[in-house]
file data_34.cif (mmCIF, C-alpha atoms and all ligand atoms)
data_protein
#
loop_
_atom_site.label_atom_id
_atom_site.label_comp_id
_atom_site.auth_asym_id
_atom_site.auth_seq_id
_atom_site.Cartn_x
_atom_site.Cartn_y
_atom_site.Cartn_z
CA MET L 30 193.60 -36.22 119.80
CA SER L 31 195.64 -35.22 122.85
CA GLU L 32 197.50 -31.92 122.93
CA PHE L 33 200.82 -33.61 123.80
CA GLU L 34 202.21 -37.01 122.87
CA LEU L 35 205.15 -38.55 124.67
CA TYR L 36 207.28 -41.39 123.31
CA CYS L 37 208.19 -43.37 126.38
CA PHE L 38 208.14 -46.72 128.22
CA ALA L 39 207.49 -47.57 131.86
CA GLN L 40 211.02 -48.62 132.79
CA SER L 41 212.60 -45.36 131.60
CA GLY L 42 213.41 -42.87 134.34
CA ASN L 43 214.61 -40.48 131.67
CA ALA L 44 211.12 -40.52 130.13
CA TYR L 45 209.49 -40.40 133.58
CA ARG L 46 210.78 -36.86 134.06
CA ALA L 47 208.70 -35.70 131.08
CA ALA L 48 205.67 -37.89 131.89
CA LEU L 49 205.59 -36.69 135.49
CA MET L 50 205.86 -33.04 134.43
CA LEU L 51 202.96 -33.47 131.99
CA ASN L 52 200.85 -34.98 134.76
CA LEU L 53 201.84 -32.39 137.37
CA ILE L 54 200.90 -29.50 135.08
CA GLY L 55 197.57 -31.19 134.28
CA ALA L 56 198.36 -31.45 130.55
CA ASP L 57 196.17 -33.28 128.06
CA TRP L 58 198.69 -35.93 127.00
CA LYS L 59 199.00 -39.49 125.91
CA PRO L 60 201.94 -41.86 125.95
CA ILE L 61 203.20 -43.59 122.80
CA TRP L 62 204.87 -46.82 123.82
CA VAL L 63 208.35 -47.46 122.46
CA ASP L 64 209.26 -51.15 122.41
CA PHE L 65 212.75 -50.64 123.80
CA PHE L 66 213.41 -54.12 125.19
CA SER L 67 212.18 -56.69 122.68
CA LYS L 68 212.42 -54.76 119.42
CA GLY L 69 214.93 -52.00 120.21
CA VAL L 70 212.72 -49.65 118.18
CA GLN L 71 214.76 -46.62 119.25
CA ARG L 72 217.81 -48.04 117.44
CA THR L 73 216.09 -48.55 114.08
CA PRO L 74 216.92 -46.26 111.16
CA GLU L 75 213.20 -45.34 110.91
CA TYR L 76 213.10 -44.12 114.51
CA ARG L 77 216.31 -42.16 114.04
CA THR L 78 215.02 -40.59 110.85
CA ASP L 79 211.41 -39.93 111.80
CA ILE L 80 211.32 -39.61 115.59
CA ASN L 81 214.69 -38.80 117.18
CA GLU L 82 218.08 -38.73 115.50
CA MET L 83 219.63 -39.36 118.95
CA GLY L 84 217.86 -42.73 119.17
CA GLU L 85 216.36 -42.08 122.61
CA VAL L 86 213.17 -41.60 124.59
CA PRO L 87 211.68 -39.30 125.78
CA VAL L 88 210.36 -37.45 122.74
CA LEU L 89 207.60 -34.86 123.23
CA VAL L 90 205.34 -33.92 120.34
CA HIS L 91 203.38 -30.68 120.68
CA GLY L 92 201.74 -29.51 117.46
CA LYS L 93 204.57 -29.07 114.97
CA LYS L 94 207.24 -29.21 117.67
CA LYS L 95 209.16 -32.37 118.41
CA LEU L 96 211.45 -32.07 121.41
CA THR L 97 213.99 -34.47 122.88
CA GLN L 98 216.26 -34.47 125.95
CA SER L 99 214.26 -34.41 129.17
CA ALA L 100 215.96 -31.18 130.30
CA VAL L 101 214.77 -29.44 127.13
CA ILE L 102 211.27 -30.88 127.49
CA LEU L 103 211.03 -29.75 131.14
CA THR L 104 212.26 -26.27 130.23
CA TYR L 105 209.80 -26.03 127.34
CA LEU L 106 206.81 -27.10 129.46
CA SER L 107 207.69 -24.81 132.36
CA ASP L 108 208.18 -21.84 129.99
CA LEU L 109 204.88 -22.65 128.27
CA THR L 110 202.80 -22.95 131.45
CA GLY L 111 204.77 -21.01 134.07
CA LYS L 112 204.48 -24.11 136.29
CA TYR L 113 207.52 -25.49 138.14
CA LYS L 114 209.45 -22.67 136.49
CA PRO L 115 212.46 -21.31 138.37
CA GLN L 116 211.98 -17.61 139.07
CA GLY L 117 214.67 -15.07 138.14
CA GLU L 118 218.14 -15.61 136.76
CA ASP L 119 219.77 -16.98 139.91
CA GLU L 120 217.07 -19.62 140.38
CA ARG L 121 217.08 -20.48 136.68
CA LEU L 122 220.83 -21.07 136.69
CA GLU L 123 220.64 -22.97 139.96
CA ALA L 124 217.97 -25.28 138.52
CA LEU L 125 220.05 -25.81 135.39
CA ARG L 126 223.10 -26.63 137.53
CA TRP L 127 221.22 -29.41 139.35
CA ILE L 128 219.65 -30.71 136.14
CA VAL L 129 223.08 -31.08 134.52
CA PHE L 130 224.49 -32.75 137.65
CA ASP L 131 221.48 -35.08 137.71
CA ASN L 132 221.70 -35.99 134.00
CA GLN L 133 225.40 -36.74 134.18
CA LYS L 134 226.10 -37.99 137.65
CA VAL L 135 223.00 -39.05 139.56
CA ASN L 136 220.45 -40.60 137.23
CA GLY L 137 223.15 -40.70 134.55
CA PHE L 138 224.72 -43.50 136.64
CA LEU L 139 221.57 -44.91 138.26
CA GLY L 140 219.87 -45.60 134.91
CA PRO L 141 222.69 -47.75 133.46
CA PHE L 142 223.23 -49.44 136.87
CA ARG L 143 219.58 -50.52 137.04
CA PHE L 144 219.60 -51.55 133.39
CA LEU L 145 222.69 -53.74 133.83
CA LYS L 146 221.30 -55.27 137.01
CA ASN L 147 217.76 -56.03 135.80
CA PHE L 148 217.46 -56.05 132.05
CA ALA L 149 220.81 -56.55 130.28
CA LYS L 150 221.53 -59.88 128.63
CA PRO L 151 224.08 -60.99 129.63
CA ALA L 152 223.80 -59.24 133.02
CA GLY L 153 226.29 -56.49 133.81
CA ASP L 154 229.88 -57.24 134.80
CA PRO L 155 230.14 -57.06 138.64
CA ALA L 156 233.18 -54.77 138.37
CA VAL L 157 231.20 -52.29 136.28
CA LEU L 158 228.27 -52.47 138.71
CA ALA L 159 230.62 -51.87 141.64
CA PHE L 160 232.14 -48.84 139.91
CA LEU L 161 228.71 -47.37 139.16
CA LYS L 162 227.46 -48.08 142.69
CA SER L 163 230.36 -46.20 144.26
CA ARG L 164 229.69 -43.17 142.04
CA ILE L 165 225.97 -43.37 142.81
CA ASP L 166 226.62 -43.44 146.58
CA GLY L 167 228.94 -40.45 146.35
CA ASN L 168 226.64 -38.41 144.17
CA LEU L 169 223.46 -39.20 146.10
CA SER L 170 225.32 -38.07 149.23
CA ILE L 171 225.87 -34.72 147.54
CA VAL L 172 222.16 -34.46 146.80
CA ASN L 173 221.37 -35.57 150.36
CA LYS L 174 223.57 -32.81 151.78
CA ARG L 175 221.95 -30.26 149.47
CA LEU L 176 218.48 -31.30 150.67
CA THR L 177 219.37 -31.31 154.35
CA GLY L 178 217.53 -28.31 155.78
CA ARG L 179 215.93 -27.36 152.45
CA GLN L 180 212.60 -28.33 150.95
CA PHE L 181 213.57 -28.46 147.28
CA LEU L 182 216.71 -28.37 145.15
CA ALA L 183 216.78 -24.95 143.53
CA SER L 184 214.12 -22.91 145.29
CA ASP L 185 211.86 -22.99 148.32
CA LYS L 186 209.21 -24.32 145.90
CA PRO L 187 209.40 -27.36 143.61
CA THR L 188 210.87 -26.65 140.18
CA ILE L 189 211.90 -28.62 137.10
CA ALA L 190 215.19 -29.37 138.90
CA ASP L 191 213.24 -31.57 141.34
CA ILE L 192 211.21 -33.16 138.55
CA SER L 193 214.42 -34.01 136.74
CA MET L 194 216.19 -35.41 139.79
CA VAL L 195 213.44 -37.89 140.72
CA ALA L 196 213.91 -39.76 137.40
CA TYR L 197 214.84 -43.25 138.68
CA LEU L 198 214.38 -42.66 142.40
CA TYR L 199 210.86 -44.06 142.81
CA TYR L 200 211.59 -47.43 141.19
CA PRO L 201 211.48 -50.33 143.70
CA ALA L 202 214.51 -50.80 145.97
CA GLU L 203 214.75 -54.44 144.81
CA GLU L 204 215.61 -53.24 141.32
CA PHE L 205 218.71 -51.51 142.73
CA GLY L 206 219.59 -53.84 145.56
CA PHE L 207 219.70 -50.87 147.93
CA ASP L 208 217.14 -48.47 149.36
CA ILE L 209 217.84 -44.91 148.24
CA ALA L 210 215.36 -43.29 150.66
CA LYS L 211 216.76 -45.21 153.65
CA ASP L 212 220.42 -44.69 152.77
CA HIS L 213 219.90 -40.97 152.11
CA PRO L 214 217.20 -39.73 154.54
CA ALA L 215 217.01 -36.12 153.29
CA VAL L 216 216.52 -37.50 149.77
CA GLY L 217 213.81 -39.83 151.18
CA ALA L 218 211.96 -36.91 152.85
CA TRP L 219 212.19 -34.83 149.66
CA LEU L 220 210.87 -37.78 147.59
CA ASP L 221 207.83 -37.80 149.91
CA ARG L 222 207.34 -34.05 149.33
CA VAL L 223 207.46 -34.47 145.55
CA LYS L 224 205.13 -37.48 145.83
CA ALA L 225 202.57 -35.27 147.63
CA LEU L 226 202.27 -32.87 144.66
CA PRO L 227 198.84 -33.04 142.96
CA GLY L 228 199.09 -35.21 139.84
CA TRP L 229 202.05 -37.31 141.04
CA LYS L 230 202.04 -40.90 139.84
CA HIS L 231 204.55 -43.71 139.95
CA PRO L 232 206.42 -44.36 136.67
CA TYR L 233 204.86 -47.83 136.40
CA GLU L 234 201.38 -46.23 136.55
CA LEU L 235 202.12 -43.32 134.27
CA MET L 236 203.82 -44.96 131.30
CA PRO L 237 202.98 -48.12 129.31
CA GLY L 238 204.92 -51.39 129.26
CA TYR L 239 204.91 -52.62 132.87
CA PRO L 240 205.31 -55.45 133.65
CA LEU L 241 207.68 -56.19 130.78
CA GLY L 242 206.01 -57.87 127.83
CA THR L 243 202.48 -56.75 128.73
CA ASN L 244 201.92 -53.95 126.26
N1 LIG L 301 219.81 -37.29 128.54
C1 LIG L 301 218.69 -38.00 127.95
C2 LIG L 301 218.81 -39.48 128.20
C3 LIG L 301 217.78 -40.28 127.42
C4 LIG L 301 218.09 -41.78 127.44
O1 LIG L 301 219.23 -42.20 127.65
N2 LIG L 301 217.05 -42.59 127.22
C5 LIG L 301 217.28 -44.02 127.13
C6 LIG L 301 216.11 -44.78 127.72
S1 LIG L 301 216.02 -44.63 129.48
C7 LIG L 301 217.36 -44.41 125.67
O2 LIG L 301 216.45 -44.12 124.94
N3 LIG L 301 218.47 -45.08 125.27
C8 LIG L 301 218.66 -45.51 123.92
C9 LIG L 301 219.30 -46.87 123.77
O3 LIG L 301 219.78 -47.42 124.75
O4 LIG L 301 219.28 -47.39 122.67
C10 LIG L 301 217.39 -37.41 128.52
O5 LIG L 301 217.42 -36.98 129.67
O6 LIG L 301 216.38 -37.36 127.81
#
call {"tool": "encode", "arguments": {"input": "data_34.cif", "output": "structure tokens", "more": "lines below"}}
Ligand SMILES: N[C@@H](CCC(=O)N[C@@H](CS)C(=O)NCC(=O)O)C(=O)O
result
Amino acid sequence: MSEFELYCFAQSGNAYRAALMLNLIGADWKPIWVDFFSKGVQRTPEYRTDINEMGEVPVLVHGKKKLTQSAVILTYLSDLTGKYKPQGEDERLEALRWIVFDNQKVNGFLGPFRFLKNFAKPAGDPAVLAFLKSRIDGNLSIVNKRLTGRQFLASDKPTIADISMVAYLYYPAEEFGFDIAKDHPAVGAWLDRVKALPGWKHPYELMPGYPLGTN
């Protein structure tokens, strides 16, 4: 039995944050596939009673602990191992600041945009997609400015803020209809730096369920 179990699926950038962290810290972990698309398992009463009352992935199981919300999972794993942990109060608050901005405004918009564009039936309303795209452009520009002349978001070393922010950013450009790394070059260079960390893997390699319907 693995030390950690992670409820997840390959298309989830929210779950990727936790999966990537587990891989980067060299944890003994295994994914538990959640059939999000065909069965909507996360919306069943059983899932909400037994796994996560919020009806979401990721969920991390470690011994008797069951943790949800990727920001909580990242914090827990960095406290536990000391890896990718912001150092000192200023860095800790800075990392938290970028994680909240990411959850709400960067991947918080990118995730639904990509879902509406690729997976929703019926497909997303073009007006909604256009609204989300304009927010995504504006917010990625803020991240791009932050990363111009710096190596990582909250420190001179990679921290959980970086692991949070990459959530949806490695998925193929065709799934968005625009190329994040090209449109935001400092973000592109930083994505390469994160990709070079030992243990990095693409979300489609790290979590089960890709291509859709193959698990
Ligand atoms: N803030 C949460 C977001 C989690 C989230 O929204 N996960 C999606 C999958 S990518 C989900 O499970 N949604 C439930 C649903 O749509 O029914 C986190 O970072 O963990």
call {"tool": "closest_residue", "arguments": {"input": "data_34.cif", "among": "L:Arg72, L:Lys114, L:Arg175, L:Arg77", "to": "ligand LIG 301 (chain L)", "atoms": "all atoms listed in the file"}}
result
L:Arg72
call {"tool": "residues_near_ligand", "arguments": {"input": "data_34.cif", "ligand": "ligand LIG 301 (chain L)", "cutoff": "9 Å", "atoms": "only C-alpha atoms and all ligand atoms", "output": "MDAnalysis selection string"}}
result
chainID L and resid 37:38 40:47 65 69:72 83:88 97:102 132:133 136:137 140:141 144 193 196
call {"tool": "write_last_selection", "arguments": {"input": "data_34.cif", "atoms": "C-alpha atoms", "output": "PDB file, in the coordinates of the input"}}
result
ATOM      1  CA  CYS L  37     208.190 -43.370 126.380  1.00  0.00           C
ATOM      2  CA  PHE L  38     208.140 -46.720 128.220  1.00  0.00           C
ATOM      3  CA  GLN L  40     211.020 -48.620 132.790  1.00  0.00           C
ATOM      4  CA  SER L  41     212.600 -45.360 131.600  1.00  0.00           C
ATOM      5  CA  GLY L  42     213.410 -42.870 134.340  1.00  0.00           C
ATOM      6  CA  ASN L  43     214.610 -40.480 131.670  1.00  0.00           C
ATOM      7  CA  ALA L  44     211.120 -40.520 130.130  1.00  0.00           C
ATOM      8  CA  TYR L  45     209.490 -40.400 133.580  1.00  0.00           C
ATOM      9  CA  ARG L  46     210.780 -36.860 134.060  1.00  0.00           C
ATOM     10  CA  ALA L  47     208.700 -35.700 131.080  1.00  0.00           C
ATOM     11  CA  PHE L  65     212.750 -50.640 123.800  1.00  0.00           C
ATOM     12  CA  GLY L  69     214.930 -52.000 120.210  1.00  0.00           C
ATOM     13  CA  VAL L  70     212.720 -49.650 118.180  1.00  0.00           C
ATOM     14  CA  GLN L  71     214.760 -46.620 119.250  1.00  0.00           C
ATOM     15  CA  ARG L  72     217.810 -48.040 117.440  1.00  0.00           C
ATOM     16  CA  MET L  83     219.630 -39.360 118.950  1.00  0.00           C
ATOM     17  CA  GLY L  84     217.860 -42.730 119.170  1.00  0.00           C
ATOM     18  CA  GLU L  85     216.360 -42.080 122.610  1.00  0.00           C
ATOM     19  CA  VAL L  86     213.170 -41.600 124.590  1.00  0.00           C
ATOM     20  CA  PRO L  87     211.680 -39.300 125.780  1.00  0.00           C
ATOM     21  CA  VAL L  88     210.360 -37.450 122.740  1.00  0.00           C
ATOM     22  CA  THR L  97     213.990 -34.470 122.880  1.00  0.00           C
ATOM     23  CA  GLN L  98     216.260 -34.470 125.950  1.00  0.00           C
ATOM     24  CA  SER L  99     214.260 -34.410 129.170  1.00  0.00           C
ATOM     25  CA  ALA L 100     215.960 -31.180 130.300  1.00  0.00           C
ATOM     26  CA  VAL L 101     214.770 -29.440 127.130  1.00  0.00           C
ATOM     27  CA  ILE L 102     211.270 -30.880 127.490  1.00  0.00           C
ATOM     28  CA  ASN L 132     221.700 -35.990 134.000  1.00  0.00           C
ATOM     29  CA  GLN L 133     225.400 -36.740 134.180  1.00  0.00           C
ATOM     30  CA  ASN L 136     220.450 -40.600 137.230  1.00  0.00           C
ATOM     31  CA  GLY L 137     223.150 -40.700 134.550  1.00  0.00           C
ATOM     32  CA  GLY L 140     219.870 -45.600 134.910  1.00  0.00           C
ATOM     33  CA  PRO L 141     222.690 -47.750 133.460  1.00  0.00           C
ATOM     34  CA  PHE L 144     219.600 -51.550 133.390  1.00  0.00           C
ATOM     35  CA  SER L 193     214.420 -34.010 136.740  1.00  0.00           C
ATOM     36  CA  ALA L 196     213.910 -39.760 137.400  1.00  0.00           C
TER      37      ALA L 196
END
call {"tool": "atom_distance", "arguments": {"input": "data_34.cif", "atom1": "CA of Ser163 (chain L)", "atom2": "CA of Phe130 (chain L)"}}
result
16.1 Å
call {"tool": "atom_distance", "arguments": {"input": "data_34.cif", "atom1": "CA of Trp127 (chain L)", "atom2": "CA of Met50 (chain L)"}}
result
16.5 Å
call {"tool": "axis_aligned_box", "arguments": {"input": "data_34.cif", "around": "region 33-40 of chain L", "padding_each_side": "8 Å", "output": "JSON"}}
result
{"center_x": 205.9, "center_y": -41.1, "center_z": 127.8, "size_x": 26.2, "size_y": 31.0, "size_z": 25.9}
call {"tool": "atom_distance", "arguments": {"input": "data_34.cif", "atom1": "CA of Asn52 (chain L)", "atom2": "CA of Trp229 (chain L)"}}
result
6.8 Å
call {"tool": "residues_around", "arguments": {"input": "data_34.cif", "residues": "Gly153 (chain L)", "least_positions_apart": "6", "cutoff": "9 Å", "atoms": "only C-alpha atoms", "output": "VMD selection string"}}
result
chain L and resid 142 144 to 147
call {"tool": "write_last_selection", "arguments": {"input": "data_34.cif", "atoms": "C-alpha atoms", "output": "mmCIF file, in the coordinates of the input"}}
result
data_model
loop_
_atom_site.group_PDB
_atom_site.id
_atom_site.type_symbol
_atom_site.label_atom_id
_atom_site.label_comp_id
_atom_site.auth_asym_id
_atom_site.auth_seq_id
_atom_site.Cartn_x
_atom_site.Cartn_y
_atom_site.Cartn_z
ATOM 1 C CA PHE L 142 223.230 -49.440 136.870
ATOM 2 C CA PHE L 144 219.600 -51.550 133.390
ATOM 3 C CA LEU L 145 222.690 -53.740 133.830
ATOM 4 C CA LYS L 146 221.300 -55.270 137.010
ATOM 5 C CA ASN L 147 217.760 -56.030 135.800
#
call {"tool": "closest_residue", "arguments": {"input": "data_34.cif", "among": "L:Thr188, L:Tyr200, L:Ile165, L:Asp221", "to": "Glu234 (chain L)", "atoms": "all atoms listed in the file"}}
result
L:Tyr200
call {"tool": "residues_around", "arguments": {"input": "data_34.cif", "residues": "Ala124 (chain L)", "least_positions_apart": "2", "cutoff": "8 Å", "atoms": "only C-alpha atoms", "output": "list in words"}}
result
Pro115, Glu120, Arg121, Leu122, Arg126, Trp127, Ile128, Leu182, Ala183, Thr188, Ile189 and Ala190 of chain L
call {"tool": "closest_residue", "arguments": {"input": "data_34.cif", "among": "L:Leu241, L:Leu235, L:Ala149, L:Leu139", "to": "Phe207 (chain L)", "atoms": "all atoms listed in the file"}}
result
L:Leu139
call {"tool": "closest_residue", "arguments": {"input": "data_34.cif", "among": "L:Gly178, L:Ser170, L:Lys162, L:Val223", "to": "Phe205 (chain L)", "atoms": "all atoms listed in the file"}}
result
L:Lys162
call {"tool": "closest_residue", "arguments": {"input": "data_34.cif", "among": "L:Leu169, L:Ala202, L:Ala156, L:Ala48", "to": "Pro237 (chain L)", "atoms": "only C-alpha atoms"}}
result
L:Ala48
call {"tool": "closest_residue", "arguments": {"input": "data_34.cif", "among": "L:Asn81, L:Asn168, L:Pro155, L:Ile192", "to": "Thr104 (chain L)", "atoms": "only C-alpha atoms"}}
result
L:Ile192
call {"tool": "build_atoms", "arguments": {"input": "data_34.cif", "residues": "region 70-81 of chain L", "atoms": "all heavy atoms", "output": "PDB file, in the coordinates of the input"}}
result
ATOM      1  N   VAL L  70     213.259 -50.575 119.190  1.00  0.00           N
ATOM      2  CA  VAL L  70     212.720 -49.650 118.180  1.00  0.00           C
ATOM      3  C   VAL L  70     213.542 -48.359 118.075  1.00  0.00           C
ATOM      4  O   VAL L  70     213.760 -47.821 116.991  1.00  0.00           O
ATOM      5  CB  VAL L  70     211.243 -49.325 118.546  1.00  0.00           C
ATOM      6  CG1 VAL L  70     210.716 -48.122 117.787  1.00  0.00           C
ATOM      7  CG2 VAL L  70     210.377 -50.540 118.268  1.00  0.00           C
ATOM      8  N   GLN L  71     214.028 -47.900 119.235  1.00  0.00           N
ATOM      9  CA  GLN L  71     214.760 -46.620 119.250  1.00  0.00           C
ATOM     10  C   GLN L  71     216.078 -46.674 118.476  1.00  0.00           C
ATOM     11  O   GLN L  71     216.656 -45.647 118.166  1.00  0.00           O
ATOM     12  CB  GLN L  71     214.999 -46.186 120.714  1.00  0.00           C
ATOM     13  CG  GLN L  71     216.116 -46.910 121.447  1.00  0.00           C
ATOM     14  CD  GLN L  71     215.801 -48.381 121.781  1.00  0.00           C
ATOM     15  OE1 GLN L  71     214.690 -48.849 121.617  1.00  0.00           O
ATOM     16  NE2 GLN L  71     216.801 -49.098 122.275  1.00  0.00           N
ATOM     17  N   ARG L  72     216.539 -47.917 118.162  1.00  0.00           N
ATOM     18  CA  ARG L  72     217.810 -48.040 117.440  1.00  0.00           C
ATOM     19  C   ARG L  72     217.600 -48.255 115.935  1.00  0.00           C
ATOM     20  O   ARG L  72     218.564 -48.398 115.202  1.00  0.00           O
ATOM     21  CB  ARG L  72     218.652 -49.174 118.010  1.00  0.00           C
ATOM     22  CG  ARG L  72     219.061 -48.854 119.439  1.00  0.00           C
ATOM     23  CD  ARG L  72     220.084 -49.787 120.020  1.00  0.00           C
ATOM     24  NE  ARG L  72     220.314 -49.409 121.416  1.00  0.00           N
ATOM     25  CZ  ARG L  72     221.032 -50.085 122.274  1.00  0.00           C
ATOM     26  NH1 ARG L  72     221.615 -51.204 121.897  1.00  0.00           N
ATOM     27  NH2 ARG L  72     221.182 -49.649 123.510  1.00  0.00           N
ATOM     28  N   THR L  73     216.328 -48.293 115.512  1.00  0.00           N
ATOM     29  CA  THR L  73     216.090 -48.550 114.080  1.00  0.00           C
ATOM     30  C   THR L  73     216.332 -47.272 113.282  1.00  0.00           C
ATOM     31  O   THR L  73     216.164 -46.152 113.785  1.00  0.00           O
ATOM     32  CB  THR L  73     214.626 -49.010 113.841  1.00  0.00           C
ATOM     33  OG1 THR L  73     213.744 -47.963 114.302  1.00  0.00           O
ATOM     34  CG2 THR L  73     214.311 -50.290 114.594  1.00  0.00           C
ATOM     35  N   PRO L  74     216.722 -47.444 112.004  1.00  0.00           N
ATOM     36  CA  PRO L  74     216.920 -46.260 111.160  1.00  0.00           C
ATOM     37  C   PRO L  74     215.644 -45.424 111.047  1.00  0.00           C
ATOM     38  O   PRO L  74     215.708 -44.190 111.023  1.00  0.00           O
ATOM     39  CB  PRO L  74     217.291 -46.854 109.789  1.00  0.00           C
ATOM     40  CG  PRO L  74     217.682 -48.269 110.043  1.00  0.00           C
ATOM     41  CD  PRO L  74     217.047 -48.706 111.329  1.00  0.00           C
ATOM     42  N   GLU L  75     214.468 -46.089 111.037  1.00  0.00           N
ATOM     43  CA  GLU L  75     213.200 -45.340 110.910  1.00  0.00           C
ATOM     44  C   GLU L  75     213.015 -44.404 112.098  1.00  0.00           C
ATOM     45  O   GLU L  75     212.646 -43.248 111.945  1.00  0.00           O
ATOM     46  CB  GLU L  75     211.990 -46.308 110.854  1.00  0.00           C
ATOM     47  CG  GLU L  75     211.926 -47.193 109.624  1.00  0.00           C
ATOM     48  CD  GLU L  75     212.925 -48.358 109.657  1.00  0.00           C
ATOM     49  OE1 GLU L  75     213.390 -48.739 110.757  1.00  0.00           O
ATOM     50  OE2 GLU L  75     213.265 -48.888 108.576  1.00  0.00           O
ATOM     51  N   TYR L  76     213.272 -44.953 113.304  1.00  0.00           N
ATOM     52  CA  TYR L  76     213.100 -44.120 114.510  1.00  0.00           C
ATOM     53  C   TYR L  76     214.062 -42.933 114.463  1.00  0.00           C
ATOM     54  O   TYR L  76     213.695 -41.802 114.742  1.00  0.00           O
ATOM     55  CB  TYR L  76     213.343 -44.976 115.762  1.00  0.00           C
ATOM     56  CG  TYR L  76     212.980 -44.285 117.071  1.00  0.00           C
ATOM     57  CD1 TYR L  76     211.707 -44.391 117.611  1.00  0.00           C
ATOM     58  CD2 TYR L  76     213.928 -43.528 117.773  1.00  0.00           C
ATOM     59  CE1 TYR L  76     211.380 -43.772 118.820  1.00  0.00           C
ATOM     60  CE2 TYR L  76     213.608 -42.905 118.980  1.00  0.00           C
ATOM     61  CZ  TYR L  76     212.318 -43.036 119.502  1.00  0.00           C
ATOM     62  OH  TYR L  76     211.999 -42.416 120.694  1.00  0.00           O
ATOM     63  N   ARG L  77     215.289 -43.228 114.054  1.00  0.00           N
ATOM     64  CA  ARG L  77     216.310 -42.160 114.040  1.00  0.00           C
ATOM     65  C   ARG L  77     216.044 -41.134 112.958  1.00  0.00           C
ATOM     66  O   ARG L  77     216.426 -39.973 113.091  1.00  0.00           O
ATOM     67  CB  ARG L  77     217.696 -42.777 113.906  1.00  0.00           C
ATOM     68  CG  ARG L  77     218.023 -43.511 115.204  1.00  0.00           C
ATOM     69  CD  ARG L  77     219.382 -44.086 115.281  1.00  0.00           C
ATOM     70  NE  ARG L  77     219.508 -44.703 116.612  1.00  0.00           N
ATOM     71  CZ  ARG L  77     220.611 -45.204 117.092  1.00  0.00           C
ATOM     72  NH1 ARG L  77     221.717 -45.190 116.370  1.00  0.00           N
ATOM     73  NH2 ARG L  77     220.637 -45.725 118.305  1.00  0.00           N
ATOM     74  N   THR L  78     215.357 -41.552 111.905  1.00  0.00           N
ATOM     75  CA  THR L  78     215.020 -40.590 110.850  1.00  0.00           C
ATOM     76  C   THR L  78     213.744 -39.818 111.196  1.00  0.00           C
ATOM     77  O   THR L  78     213.694 -38.601 111.077  1.00  0.00           O
ATOM     78  CB  THR L  78     214.802 -41.335 109.498  1.00  0.00           C
ATOM     79  OG1 THR L  78     215.983 -42.087 109.233  1.00  0.00           O
ATOM     80  CG2 THR L  78     214.550 -40.367 108.359  1.00  0.00           C
ATOM     81  N   ASP L  79     212.739 -40.556 111.665  1.00  0.00           N
ATOM     82  CA  ASP L  79     211.410 -39.930 111.800  1.00  0.00           C
ATOM     83  C   ASP L  79     211.129 -39.383 113.192  1.00  0.00           C
ATOM     84  O   ASP L  79     210.338 -38.454 113.342  1.00  0.00           O
ATOM     85  CB  ASP L  79     210.307 -40.966 111.478  1.00  0.00           C
ATOM     86  CG  ASP L  79     210.441 -41.497 110.059  1.00  0.00           C
ATOM     87  OD1 ASP L  79     211.074 -40.808 109.229  1.00  0.00           O
ATOM     88  OD2 ASP L  79     209.938 -42.608 109.803  1.00  0.00           O
ATOM     89  N   ILE L  80     211.731 -39.977 114.217  1.00  0.00           N
ATOM     90  CA  ILE L  80     211.320 -39.610 115.590  1.00  0.00           C
ATOM     91  C   ILE L  80     212.432 -38.851 116.327  1.00  0.00           C
ATOM     92  O   ILE L  80     212.212 -37.761 116.836  1.00  0.00           O
ATOM     93  CB  ILE L  80     210.916 -40.859 116.421  1.00  0.00           C
ATOM     94  CG1 ILE L  80     209.982 -41.792 115.630  1.00  0.00           C
ATOM     95  CG2 ILE L  80     210.293 -40.442 117.741  1.00  0.00           C
ATOM     96  CD1 ILE L  80     208.627 -41.248 115.334  1.00  0.00           C
ATOM     97  N   ASN L  81     213.611 -39.456 116.419  1.00  0.00           N
ATOM     98  CA  ASN L  81     214.690 -38.800 117.180  1.00  0.00           C
ATOM     99  C   ASN L  81     216.047 -39.272 116.663  1.00  0.00           C
ATOM    100  O   ASN L  81     216.416 -40.432 116.864  1.00  0.00           O
ATOM    101  CB  ASN L  81     214.530 -39.124 118.674  1.00  0.00           C
ATOM    102  CG  ASN L  81     215.617 -38.478 119.534  1.00  0.00           C
ATOM    103  OD1 ASN L  81     216.429 -37.701 119.040  1.00  0.00           O
ATOM    104  ND2 ASN L  81     215.620 -38.817 120.813  1.00  0.00           N
TER     105      ASN L  81
END
